[in-house]
>>> print(open('target-v4.cif').read())   # mmCIF, C-alpha atoms
data_protein
loop_
_atom_site.label_atom_id
_atom_site.label_comp_id
_atom_site.auth_asym_id
_atom_site.auth_seq_id
_atom_site.Cartn_x
_atom_site.Cartn_y
_atom_site.Cartn_z
CA MET A 210 -39.60 -87.72 36.67
CA VAL A 211 -41.50 -87.78 39.93
CA GLU A 212 -44.69 -85.71 39.91
CA GLU A 213 -43.96 -82.24 41.30
CA LYS A 214 -45.16 -81.67 44.85
CA THR A 215 -46.98 -78.58 46.05
CA ARG A 216 -44.53 -76.78 48.33
CA ALA A 217 -44.74 -73.83 50.68
CA GLY A 218 -43.30 -70.52 49.52
CA ARG A 219 -40.37 -70.70 51.95
CA ASN A 220 -39.46 -74.23 50.93
CA LYS A 221 -35.92 -74.21 49.49
CA THR A 222 -35.82 -77.84 48.35
CA ILE A 223 -33.91 -78.18 45.09
CA THR A 224 -36.02 -79.52 42.23
CA VAL A 225 -35.60 -79.90 38.49
CA THR A 226 -38.22 -79.55 35.78
CA PRO A 227 -38.40 -82.04 32.90
CA GLU A 228 -37.01 -79.32 30.63
CA GLU A 229 -34.08 -78.68 32.98
CA CYS A 230 -33.37 -82.39 33.21
CA VAL A 231 -32.99 -82.65 29.44
CA THR A 232 -30.28 -79.97 29.52
CA LEU A 233 -28.62 -81.26 32.68
CA SER A 234 -28.50 -84.79 31.25
CA GLU A 235 -26.13 -83.56 28.56
CA LYS A 236 -23.50 -83.16 31.28
CA PHE A 237 -23.69 -86.80 32.40
CA LEU A 238 -20.99 -89.28 31.52
CA ASN A 239 -22.26 -92.73 30.53
CA LEU A 240 -19.58 -95.42 30.50
CA LYS A 241 -21.70 -98.41 29.51
CA ASN A 242 -19.85 -100.73 27.12
CA LYS A 243 -16.69 -98.62 27.46
CA LYS A 244 -13.81 -100.95 28.25
CA THR A 245 -11.06 -98.38 28.84
CA ILE A 246 -11.55 -95.36 31.07
CA GLN A 247 -8.92 -92.68 31.63
CA VAL A 248 -8.72 -90.50 34.75
CA SER A 249 -8.92 -87.37 32.59
CA GLU A 250 -12.36 -88.51 31.31
CA ILE A 251 -13.98 -88.68 34.74
CA ILE A 252 -12.74 -85.51 36.44
CA GLY A 253 -15.70 -83.31 37.35
CA LYS A 254 -18.21 -85.83 36.02
CA THR A 255 -21.45 -87.37 37.21
CA ILE A 256 -21.43 -90.92 35.83
CA ASN A 257 -24.99 -92.14 35.19
CA ASN A 258 -24.43 -95.90 35.34
CA ASP A 259 -24.99 -98.91 37.52
CA LEU A 260 -21.80 -99.26 39.60
CA PHE A 261 -21.52 -102.93 38.65
CA GLU A 262 -21.45 -102.01 34.93
CA VAL A 263 -18.29 -99.93 35.24
CA LEU A 264 -16.41 -101.33 38.26
CA ASP A 265 -14.00 -103.43 36.21
CA TYR A 266 -13.12 -100.60 33.83
CA MET A 267 -12.48 -97.69 36.18
CA PRO A 268 -8.86 -96.49 36.45
CA LYS A 269 -6.84 -97.75 39.41
CA SER A 270 -5.21 -95.69 42.16
CA PHE A 271 -6.67 -92.31 41.12
CA ALA A 272 -8.51 -91.13 44.27
CA ASP A 273 -7.03 -89.37 47.28
CA LEU A 274 -10.30 -89.87 49.12
CA ILE A 275 -13.30 -92.16 48.63
CA ILE A 276 -16.56 -91.48 50.47
CA ILE A 277 -19.13 -94.29 50.34
CA ASP A 278 -22.74 -94.00 51.44
CA PRO A 279 -24.17 -97.32 50.22
CA PRO A 280 -27.71 -98.59 50.70
CA TYR A 281 -28.02 -99.66 54.33
CA ASN A 282 -29.42 -103.07 55.18
CA LEU A 283 -32.95 -101.66 55.17
CA THR A 284 -35.83 -101.87 52.76
CA LYS A 285 -35.83 -98.43 51.16
CA ASP A 286 -37.29 -96.98 47.97
CA PHE A 287 -34.85 -94.89 45.95
CA ASN A 288 -37.09 -93.18 43.40
CA GLY A 289 -38.50 -96.42 42.03
CA PHE A 290 -35.56 -98.71 42.83
CA THR A 291 -36.16 -100.66 46.04
CA PHE A 292 -33.22 -101.96 48.03
CA LYS A 293 -34.46 -104.81 50.21
CA SER A 294 -33.12 -105.74 53.63
CA SER A 295 -31.60 -109.19 54.01
CA SER A 296 -29.69 -111.30 56.51
CA GLU A 297 -26.38 -109.95 57.79
CA ASP A 298 -24.51 -112.65 55.86
CA ASN A 299 -26.24 -111.70 52.61
CA TYR A 300 -25.58 -108.02 53.20
CA LEU A 301 -21.92 -108.77 53.85
CA ASP A 302 -21.80 -110.71 50.56
CA TYR A 303 -23.30 -107.66 48.84
CA LEU A 304 -20.58 -105.41 50.28
CA ARG A 305 -17.86 -107.86 49.27
CA SER A 306 -19.19 -107.92 45.69
CA TRP A 307 -17.99 -104.35 45.08
CA PHE A 308 -16.00 -102.98 48.04
CA PRO A 309 -12.57 -104.49 47.23
CA LYS A 310 -12.76 -103.17 43.68
CA VAL A 311 -13.65 -99.67 44.91
CA VAL A 312 -10.67 -99.81 47.29
CA SER A 313 -8.43 -100.41 44.24
CA PHE A 314 -9.34 -96.90 43.07
CA LEU A 315 -7.50 -95.41 46.08
CA LYS A 316 -3.99 -94.04 45.81
CA PRO A 317 -1.43 -95.85 48.02
CA ASN A 318 -1.70 -93.04 50.60
CA GLY A 319 -5.46 -92.61 50.17
CA SER A 320 -8.25 -92.64 52.74
CA LEU A 321 -11.77 -94.06 52.69
CA TYR A 322 -14.90 -93.33 54.72
CA LEU A 323 -17.81 -95.80 54.77
CA CYS A 324 -21.21 -94.72 56.11
CA GLY A 325 -23.82 -96.87 57.83
CA ASP A 326 -26.31 -97.25 60.66
CA TRP A 327 -26.23 -99.40 63.80
CA LYS A 328 -27.89 -102.33 62.09
CA CYS A 329 -25.25 -102.80 59.39
CA THR A 330 -22.20 -101.35 61.14
CA SER A 331 -20.72 -104.75 62.10
CA ALA A 332 -20.76 -105.79 58.43
CA LEU A 333 -19.17 -102.48 57.47
CA GLN A 334 -16.40 -102.96 60.03
CA GLN A 335 -15.74 -106.46 58.78
CA VAL A 336 -15.42 -105.49 55.12
CA MET A 337 -13.23 -102.52 56.09
CA ASN A 338 -10.91 -104.79 58.13
CA GLU A 339 -10.63 -107.18 55.20
CA ASN A 340 -9.41 -104.49 52.82
CA LEU A 341 -7.97 -101.55 54.77
CA THR A 342 -6.50 -100.54 58.11
CA VAL A 343 -9.33 -99.13 60.21
CA LEU A 344 -8.24 -96.03 62.13
CA ASN A 345 -11.50 -94.94 63.72
CA ARG A 346 -15.28 -95.04 63.82
CA ILE A 347 -17.02 -91.67 63.77
CA THR A 348 -20.48 -91.54 65.28
CA TRP A 349 -22.64 -88.57 64.36
CA GLN A 350 -25.92 -87.52 65.88
CA ARG A 351 -29.04 -87.46 63.70
CA GLU A 352 -31.66 -85.25 65.28
CA LYS A 353 -34.29 -86.43 62.82
CA GLY A 354 -36.11 -89.73 62.94
CA ARG A 355 -39.35 -91.27 64.13
CA GLY A 356 -39.87 -92.29 67.72
CA ALA A 357 -40.43 -95.92 68.64
CA LEU A 358 -42.89 -97.27 71.19
CA SER A 359 -41.01 -100.48 71.93
CA ASN A 360 -37.39 -99.50 71.24
CA TRP A 361 -34.96 -96.59 71.50
CA LYS A 362 -35.26 -94.00 68.76
CA ASN A 363 -32.30 -94.25 66.39
CA GLY A 364 -30.45 -90.94 66.70
CA MET A 365 -27.01 -91.76 65.33
CA GLU A 366 -25.07 -93.13 62.38
CA ASP A 367 -21.50 -94.33 61.89
CA VAL A 368 -18.74 -93.43 59.48
CA TRP A 369 -15.83 -95.90 59.38
CA PHE A 370 -12.41 -94.38 58.60
CA GLY A 371 -9.73 -96.52 56.96
CA VAL A 372 -6.50 -96.12 55.01
CA LYS A 373 -4.31 -98.23 52.77
CA ASP A 374 -1.08 -97.41 54.59
CA PRO A 375 -1.34 -96.49 58.30
CA LYS A 376 2.15 -94.96 58.12
CA ASP A 377 1.48 -92.76 55.10
CA TYR A 378 -1.85 -90.99 54.70
CA TYR A 379 -3.10 -87.39 54.58
CA PHE A 380 -4.85 -85.94 57.62
CA ASP A 381 -5.20 -82.19 58.31
CA VAL A 382 -6.59 -81.78 61.82
CA GLU A 383 -6.17 -77.98 61.71
CA ALA A 384 -8.71 -77.80 58.88
CA VAL A 385 -11.48 -79.41 60.91
CA LYS A 386 -11.24 -77.74 64.29
CA GLN A 387 -14.51 -76.62 65.86
CA LYS A 388 -15.19 -73.16 67.23
CA ARG A 389 -17.10 -73.45 70.48
CA LYS A 390 -18.55 -70.94 72.90
CA VAL A 391 -16.67 -70.83 76.21
CA LEU A 392 -19.17 -71.05 79.06
CA ALA A 393 -16.69 -71.04 81.95
CA PRO A 394 -13.63 -69.07 80.77
CA TYR A 395 -10.45 -69.90 82.67
CA ARG A 396 -7.71 -67.30 83.02
CA GLU A 397 -4.04 -67.65 83.83
CA ASN A 398 -2.24 -64.56 85.13
CA GLY A 399 -5.33 -62.59 84.18
CA LYS A 400 -5.23 -63.66 80.53
CA PRO A 401 -7.49 -66.09 78.65
CA LYS A 402 -6.06 -69.64 78.63
CA ASP A 403 -6.72 -71.56 75.41
CA TRP A 404 -9.61 -69.33 74.37
CA GLU A 405 -10.19 -66.01 72.63
CA GLU A 406 -11.97 -63.06 74.18
CA THR A 407 -13.87 -60.92 71.68
CA GLU A 408 -16.53 -58.22 71.89
CA ASP A 409 -18.97 -60.74 70.45
CA GLY A 410 -18.27 -63.49 72.98
CA ASN A 411 -15.67 -65.95 74.19
CA PHE A 412 -14.66 -68.78 71.85
CA ARG A 413 -12.24 -71.69 71.78
CA LEU A 414 -10.92 -73.73 68.87
CA THR A 415 -11.13 -77.40 69.85
CA TYR A 416 -9.73 -80.56 68.33
CA PRO A 417 -12.38 -82.75 66.68
CA SER A 418 -13.38 -86.02 68.30
CA ASN A 419 -15.03 -89.06 66.76
CA PHE A 420 -18.45 -88.02 68.10
CA TRP A 421 -20.11 -85.27 66.08
CA ASP A 422 -23.12 -83.57 67.63
CA ASP A 423 -23.09 -80.47 65.43
CA ILE A 424 -24.61 -81.94 62.24
CA SER A 425 -28.01 -80.86 60.90
CA ILE A 426 -29.91 -83.18 58.58
CA PRO A 427 -31.03 -81.33 55.41
CA TYR A 428 -34.65 -80.30 55.58
CA TRP A 429 -37.05 -78.07 53.64
CA SER A 430 -35.72 -74.62 54.64
CA MET A 431 -32.06 -75.48 53.93
CA PRO A 432 -30.84 -74.55 50.43
CA GLU A 433 -28.94 -77.84 50.07
CA ASN A 434 -32.07 -79.96 50.58
CA THR A 435 -33.41 -82.35 47.92
CA ASP A 436 -36.07 -85.06 47.99
CA HIS A 437 -33.43 -87.79 48.25
CA PRO A 438 -34.51 -90.08 51.14
CA THR A 439 -31.02 -90.49 52.67
CA GLN A 440 -29.21 -87.28 51.75
CA LYS A 441 -26.07 -86.60 53.79
CA PRO A 442 -25.44 -83.06 55.10
CA GLU A 443 -22.85 -80.94 53.32
CA LYS A 444 -21.26 -80.10 56.67
CA LEU A 445 -20.60 -83.78 57.41
CA ILE A 446 -19.00 -84.37 54.01
CA ALA A 447 -16.97 -81.15 54.33
CA LYS A 448 -15.32 -82.49 57.48
CA LEU A 449 -14.31 -85.68 55.69
CA ILE A 450 -12.93 -83.85 52.66
CA LEU A 451 -11.03 -81.13 54.54
CA SER A 452 -9.43 -83.64 56.89
CA SER A 453 -8.50 -86.33 54.37
CA CYS A 454 -8.03 -84.82 50.92
CA PRO A 455 -5.39 -82.21 50.03
CA GLU A 456 -6.28 -79.15 48.01
CA ASN A 457 -6.80 -80.08 44.35
CA GLY A 458 -6.89 -83.74 45.37
CA PHE A 459 -9.41 -86.18 43.90
CA VAL A 460 -12.61 -87.21 45.75
CA PHE A 461 -14.66 -90.15 44.48
CA ASP A 462 -18.15 -91.34 45.50
CA PRO A 463 -19.51 -94.59 43.98
CA PHE A 464 -23.05 -94.03 45.36
CA LEU A 465 -23.42 -90.33 44.59
CA GLY A 466 -27.15 -89.94 45.24
CA SER A 467 -28.16 -86.28 44.96
CA GLY A 468 -24.54 -85.20 44.56
CA THR A 469 -23.48 -83.99 48.01
CA THR A 470 -19.92 -85.35 47.82
CA SER A 471 -19.25 -83.80 44.41
CA VAL A 472 -20.86 -80.50 45.38
CA VAL A 473 -18.82 -80.13 48.58
CA ALA A 474 -15.62 -81.16 46.81
CA LYS A 475 -16.24 -78.46 44.22
CA LYS A 476 -16.92 -75.84 46.88
CA LEU A 477 -13.68 -76.77 48.66
CA GLY A 478 -11.43 -76.77 45.59
CA ARG A 479 -11.04 -80.53 45.07
CA LYS A 480 -11.45 -82.61 41.93
CA TYR A 481 -14.42 -84.96 42.04
CA CYS A 482 -16.34 -87.74 40.36
CA GLY A 483 -19.37 -89.78 41.33
CA ILE A 484 -21.38 -92.73 40.04
CA GLU A 485 -25.18 -92.79 40.36
CA LEU A 486 -27.70 -95.17 38.81
CA ASN A 487 -30.81 -93.00 39.13
CA HIS A 488 -31.29 -90.49 36.31
CA GLU A 489 -33.21 -87.91 38.33
CA TYR A 490 -30.71 -88.00 41.19
CA CYS A 491 -28.01 -87.24 38.63
CA CYS A 492 -30.05 -84.23 37.50
CA TRP A 493 -30.24 -82.96 41.09
CA ALA A 494 -26.49 -83.44 41.40
CA GLU A 495 -25.76 -81.45 38.25
CA LYS A 496 -28.12 -78.65 39.26
CA ARG A 497 -26.43 -78.44 42.66
CA LEU A 498 -23.03 -78.33 40.95
CA GLN A 499 -24.25 -75.41 38.84
CA MET A 500 -25.50 -73.63 41.95
CA ALA A 501 -22.11 -74.19 43.64
CA GLU A 502 -20.44 -72.06 41.00
CA ALA A 503 -22.19 -68.98 42.43
CA ASP A 504 -22.56 -70.04 46.08
CA LYS A 505 -19.76 -71.89 47.82
CA THR A 506 -21.13 -71.54 51.35
CA ILE A 507 -21.52 -74.60 53.57
CA GLN A 508 -23.92 -74.32 56.47
CA GLY A 509 -22.07 -74.33 59.78
CA TYR A 510 -18.64 -73.74 58.19
CA SER A 511 -17.06 -70.31 57.66
CA ASP A 512 -13.75 -68.50 58.14
CA GLY A 513 -11.97 -71.85 58.00
CA VAL A 514 -13.69 -73.35 61.06
CA PHE A 515 -16.72 -75.45 61.92
CA TRP A 516 -19.04 -73.63 64.29
CA GLU A 517 -20.67 -75.31 67.25
CA ARG A 518 -24.40 -75.54 66.63
CA ASN A 519 -26.34 -72.35 67.47
CA THR A 520 -23.31 -70.26 68.45
CA ALA A 521 -22.40 -68.68 65.12
CA ASN A 522 -24.99 -65.93 65.58
CA LEU A 523 -23.20 -64.73 68.71
CA GLN A 524 -20.08 -64.00 66.67
CA MET A 525 -22.10 -62.14 64.07
CA CYS A 526 -23.66 -59.56 66.37
CA GLY A 527 -22.91 -56.13 64.99
CA ASN A 528 -21.01 -57.55 62.05
CA LYS A 529 -22.94 -56.85 58.86
CA THR A 530 -20.38 -58.58 56.67
CA LYS A 531 -21.47 -62.00 57.92
CA VAL A 532 -25.21 -61.90 57.58
CA LYS A 533 -25.18 -65.24 55.74
CA GLN A 534 -23.67 -67.01 58.70
CA THR A 535 -26.34 -65.54 60.97
CA SER A 536 -29.01 -67.12 58.80
CA VAL A 537 -27.11 -70.40 59.06
CA ALA A 538 -27.37 -70.27 62.83
CA ILE A 539 -31.07 -69.53 62.61
CA ASP A 540 -31.57 -72.49 60.27
CA LEU A 541 -29.60 -74.74 62.59
CA PHE A 542 -31.70 -73.62 65.54
CA ALA A 543 -34.84 -74.31 63.57
CA THR A 544 -33.54 -77.76 62.71
CA THR A 545 -32.98 -78.73 66.31
CA ASN A 546 -36.50 -77.61 67.14
CA ASN A 547 -38.15 -79.04 64.05
#
>>> encode(input="target-v4.cif", output="structure tokens")
Amino acid sequence: MVEEKTRAGRNKTITVTPEECVTLSEKFLNLKNKKTIQVSEIIGKTINNDLFEVLDYMPKSFADLIIIDPPYNLTKDFNGFTFKSSSEDNYLDYLRSWFPKVVSFLKPNGSLYLCGDWKCTSALQQVMNENLTVLNRITWQREKGRGALSNWKNGMEDVWFGVKDPKDYYFDVEAVKQKRKVLAPYRENGKPKDWEETEDGNFRLTYPSNFWDDISIPYWSMPENTDHPTQKPEKLIAKLILSSCPENGFVFDPFLGSGTTSVVAKKLGRKYCGIELNHEYCCWAEKRLQMAEADKTIQGYSDGVFWERNTANLQMCGNKTKVKQTSVAIDLFATTNN
């Protein structure tokens, strides 16, 4: 266990005590030396193993959706385990050592999303093209990050979207529409055209594009935040799950980290499973899964729509039943000004 930090009173970062970790560890599934694994064994489980120990024994064709957030080609410390950057050829060899086997876990009509940054995205595209049909590349804006004196600050990441069968895959665009404030409302015959007029403001439901500028990186005042160095936002993962996994479908994450994929899948009524090597990260994941039993909210998502950043509070004016969403908007505003 990492030594506990001294945190401010308003800090909502999720932590676990050594005592909690002992209890949470009882929920882990360890598959080391197990040569036969059934789908029923892994549903709802956090698998505390090295991916390479269990790759050859996982069941085939069980996942409707696979979300992969692997180590990027950067030198990064993951709670004592250091992933070291290498040449692009070596990184591509690393991807090829496990990616095809993970693809075999997909159902014939399944979908896969693979995350990365600008530096490794060409390798990601190549390994995707070798194993799947690539349908798109999503680019999402990261508002966090250090500035650079001799280069452009990195403010984006990619998510590659691929399927096994381009003629047969699940995609629900209605589930991932974005609700945006209408700044210049257009009327036809005196009536709103393609937008809704309400006492709280004018809004339009828009189709999602492959550029996402409404994502907030988890930080200390957000209740989903952990100390994981590369934690993905719940809102980002929610878009992937709602668009590409049917209700009660199965979502799998082979690099689970602090558990975001499993947590969001649980909140959205999907089956889930994830593999994570680090013991403490698994504890964070299990604690977050416990918390999700009582709180299924996802920042920036409510009433079946994704809200444009910093507009949700306009809809909540005078509506006391949606106080939680107001606080979401405040948190999102704070994030953009952090």
>>> resolve_selection(input="target-v4.cif", expression="the PyMOL selection byres ((chain A and resi 272) around 9)", output="PyMOL selection string")
chain A and resi 269-271+273-275+314-316+319-320+458-461+481
>>> write_last_selection(input="target-v4.cif", atoms="C-alpha atoms", output="PDB file, keeping the file's coordinate frame")
ATOM      1  CA  LYS A 269      -6.840 -97.750  39.410  1.00  0.00           C
ATOM      2  CA  SER A 270      -5.210 -95.690  42.160  1.00  0.00           C
ATOM      3  CA  PHE A 271      -6.670 -92.310  41.120  1.00  0.00           C
ATOM      4  CA  ASP A 273      -7.030 -89.370  47.280  1.00  0.00           C
ATOM      5  CA  LEU A 274     -10.300 -89.870  49.120  1.00  0.00           C
ATOM      6  CA  ILE A 275     -13.300 -92.160  48.630  1.00  0.00           C
ATOM      7  CA  PHE A 314      -9.340 -96.900  43.070  1.00  0.00           C
ATOM      8  CA  LEU A 315      -7.500 -95.410  46.080  1.00  0.00           C
ATOM      9  CA  LYS A 316      -3.990 -94.040  45.810  1.00  0.00           C
ATOM     10  CA  GLY A 319      -5.460 -92.610  50.170  1.00  0.00           C
ATOM     11  CA  SER A 320      -8.250 -92.640  52.740  1.00  0.00           C
ATOM     12  CA  GLY A 458      -6.890 -83.740  45.370  1.00  0.00           C
ATOM     13  CA  PHE A 459      -9.410 -86.180  43.900  1.00  0.00           C
ATOM     14  CA  VAL A 460     -12.610 -87.210  45.750  1.00  0.00           C
ATOM     15  CA  PHE A 461     -14.660 -90.150  44.480  1.00  0.00           C
ATOM     16  CA  TYR A 481     -14.420 -84.960  42.040  1.00  0.00           C
TER      17      TYR A 481
END
>>> resolve_selection(input="target-v4.cif", expression="the PyMOL selection byres ((chain A and resi 242) around 12)", output="ChimeraX atom specification")
/A:239-241,243-246,258-259,261-266
>>> closest_atom_pairs(input="target-v4.cif", of="range 288-395 of chain A", to="range 428-443 of chain A", cutoff="10 Å", atoms="all atoms listed in the file", output="tab-separated table")
residue	atom	partner	partner_atom	distance
A:Asn288	CA	A:His437	CA	8.1
A:Cys324	CA	A:Lys441	CA	9.7
A:Lys353	CA	A:Tyr428	CA	9.5
>>> write_last_selection(input="target-v4.cif", atoms="C-alpha atoms", output="short mmCIF file (atom, residue, chain, number, x, y, z; two decimals), in the frame of the given file")
data_model
loop_
_atom_site.label_atom_id
_atom_site.label_comp_id
_atom_site.auth_asym_id
_atom_site.auth_seq_id
_atom_site.Cartn_x
_atom_site.Cartn_y
_atom_site.Cartn_z
CA ASN A 288 -37.09 -93.18 43.40
CA CYS A 324 -21.21 -94.72 56.11
CA LYS A 353 -34.29 -86.43 62.82
#
>>> residues_around(input="target-v4.cif", residues="Asn282 in chain A", least_positions_apart="4", cutoff="9 Å", atoms="all atoms listed in the file", output="PyMOL selection string")
chain A and resi 292-297+300+325-326+328-329
>>> atom_distance(input="target-v4.cif", atom1="CA of Asn363 in chain A", atom2="CA of Ala494 in chain A")
27.8 Å
>>> decode(input="target-v4.cif", residues="range 466-494 of chain A", atoms="N, CA and C atoms", output="compact mmCIF listing (two decimals), in the first residue's frame")
# COMPACT_ATOMS: atom_id res chain seq x y z
N GLY A 466 -6.98 -1.07 -14.58
CA GLY A 466 -6.56 0.08 -13.79
C GLY A 466 -7.40 0.24 -12.53
N SER A 467 -7.92 1.43 -12.30
CA SER A 467 -8.71 1.69 -11.09
C SER A 467 -10.16 1.32 -11.25
N GLY A 468 -10.52 0.65 -12.35
CA GLY A 468 -11.85 0.05 -12.45
C GLY A 468 -12.90 0.82 -13.21
N THR A 469 -12.55 1.88 -13.91
CA THR A 469 -13.56 2.74 -14.52
C THR A 469 -14.49 1.97 -15.46
N THR A 470 -13.95 1.12 -16.31
CA THR A 470 -14.80 0.39 -17.26
C THR A 470 -15.83 -0.47 -16.54
N SER A 471 -15.39 -1.23 -15.54
CA SER A 471 -16.32 -2.08 -14.79
C SER A 471 -17.36 -1.25 -14.05
N VAL A 472 -16.93 -0.16 -13.44
CA VAL A 472 -17.84 0.69 -12.67
C VAL A 472 -18.92 1.28 -13.56
N VAL A 473 -18.54 1.81 -14.72
CA VAL A 473 -19.52 2.41 -15.62
C VAL A 473 -20.45 1.34 -16.20
N ALA A 474 -19.90 0.18 -16.53
CA ALA A 474 -20.74 -0.91 -17.02
C ALA A 474 -21.79 -1.29 -15.98
N LYS A 475 -21.39 -1.36 -14.72
CA LYS A 475 -22.34 -1.68 -13.66
C LYS A 475 -23.41 -0.61 -13.54
N LYS A 476 -23.01 0.65 -13.59
CA LYS A 476 -23.98 1.74 -13.48
C LYS A 476 -24.98 1.73 -14.63
N LEU A 477 -24.56 1.24 -15.78
CA LEU A 477 -25.41 1.27 -16.98
C LEU A 477 -26.09 -0.06 -17.27
N GLY A 478 -26.01 -1.00 -16.33
CA GLY A 478 -26.76 -2.25 -16.48
C GLY A 478 -26.15 -3.24 -17.45
N ARG A 479 -24.81 -3.27 -17.56
CA ARG A 479 -24.13 -4.25 -18.38
C ARG A 479 -23.32 -5.20 -17.51
N LYS A 480 -23.10 -6.40 -18.02
CA LYS A 480 -22.18 -7.32 -17.34
C LYS A 480 -20.75 -6.83 -17.60
N TYR A 481 -19.83 -7.23 -16.74
CA TYR A 481 -18.48 -6.69 -16.86
C TYR A 481 -17.45 -7.65 -16.28
N CYS A 482 -16.22 -7.44 -16.71
CA CYS A 482 -15.06 -8.15 -16.17
C CYS A 482 -13.82 -7.37 -16.56
N GLY A 483 -12.82 -7.37 -15.68
CA GLY A 483 -11.58 -6.69 -16.01
C GLY A 483 -10.39 -7.40 -15.41
N ILE A 484 -9.25 -7.26 -16.06
CA ILE A 484 -7.99 -7.85 -15.58
C ILE A 484 -7.05 -6.72 -15.18
N GLU A 485 -6.44 -6.83 -14.02
CA GLU A 485 -5.51 -5.81 -13.53
C GLU A 485 -4.41 -6.47 -12.70
N LEU A 486 -3.18 -6.15 -13.03
CA LEU A 486 -2.02 -6.73 -12.34
C LEU A 486 -1.83 -6.16 -10.95
N ASN A 487 -2.03 -4.85 -10.78
CA ASN A 487 -1.69 -4.18 -9.52
C ASN A 487 -2.75 -4.45 -8.45
N HIS A 488 -2.31 -4.90 -7.29
CA HIS A 488 -3.22 -5.27 -6.22
C HIS A 488 -4.00 -4.07 -5.69
N GLU A 489 -3.32 -2.96 -5.48
CA GLU A 489 -4.01 -1.79 -4.93
C GLU A 489 -5.02 -1.22 -5.92
N TYR A 490 -4.68 -1.21 -7.20
CA TYR A 490 -5.64 -0.74 -8.20
C TYR A 490 -6.91 -1.60 -8.16
N CYS A 491 -6.72 -2.89 -7.97
CA CYS A 491 -7.89 -3.79 -7.87
C CYS A 491 -8.74 -3.42 -6.66
N CYS A 492 -8.09 -3.03 -5.56
CA CYS A 492 -8.84 -2.59 -4.38
C CYS A 492 -9.65 -1.34 -4.68
N TRP A 493 -9.05 -0.39 -5.38
CA TRP A 493 -9.79 0.82 -5.76
C TRP A 493 -10.99 0.46 -6.63
N ALA A 494 -10.77 -0.47 -7.56
CA ALA A 494 -11.85 -0.89 -8.45
C ALA A 494 -13.01 -1.49 -7.65
